[in-house]
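One structure is given here, and the rest of the page talks about it.
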Amino acid sequence: MRGANQSSVCEFLLLGLSRQPRRQQQLLFLLFLGMYLATVLGNLLVLLAISLDARLHRPMYFFLSKLSFVDVCFSSTTVPKIPPGNSSFSL
């Protein structure tokens, strides 16, 4: 008897969601770009505010700044990369 199926899914396609996959890809790119920029810029503003204001040099804000830094790093590594000409997201 043969072994179980050894295949695994590492990407999923978004072609079936629209009749115009090229336009859909551009809209998804803009959506993810906007979310990424909002996340990174918001966290960088938190870091800047905490570092510039002396009243915010307290333990709570120290940990908040570390959380913002980790969020910038995490969002930079987990943003899906959409290759040109392909409408699939890699996992």
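Residues are referred to by chain and number: the chain letter is A, B, ... according to the order shown in the structure tokens, the number counts from 1 in that chain, and ligands are numbered separately from 1 in the order shown.
The shell of residues at most 10 Å from stretch 36-38 of chain A, with only C-alpha atoms counted and near chain neighbours (fewer than 6 positions) removed, consists of Leu30, Leu44, Val72, Ser75, Ser76, Thr78 and Val79 of chain A.
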Task: Polymer residues at most 8 Å from stretch 45-55 of chain A, only C-alpha atoms, same-chain spacing of 5 or more positions, as an NGL selection string - done: :A and (61-62 or 65 or 68-69)
Task: atom CA of A:Asn43 to atom CA of A:Leu67, straight-line distance in Å - done: 8.8 Å
- [ ] Could you tell me how far atom CA of A:Leu41 lies from atom CA of A:Val70, in Å and to one decimal?
- [x] 13.4 Å
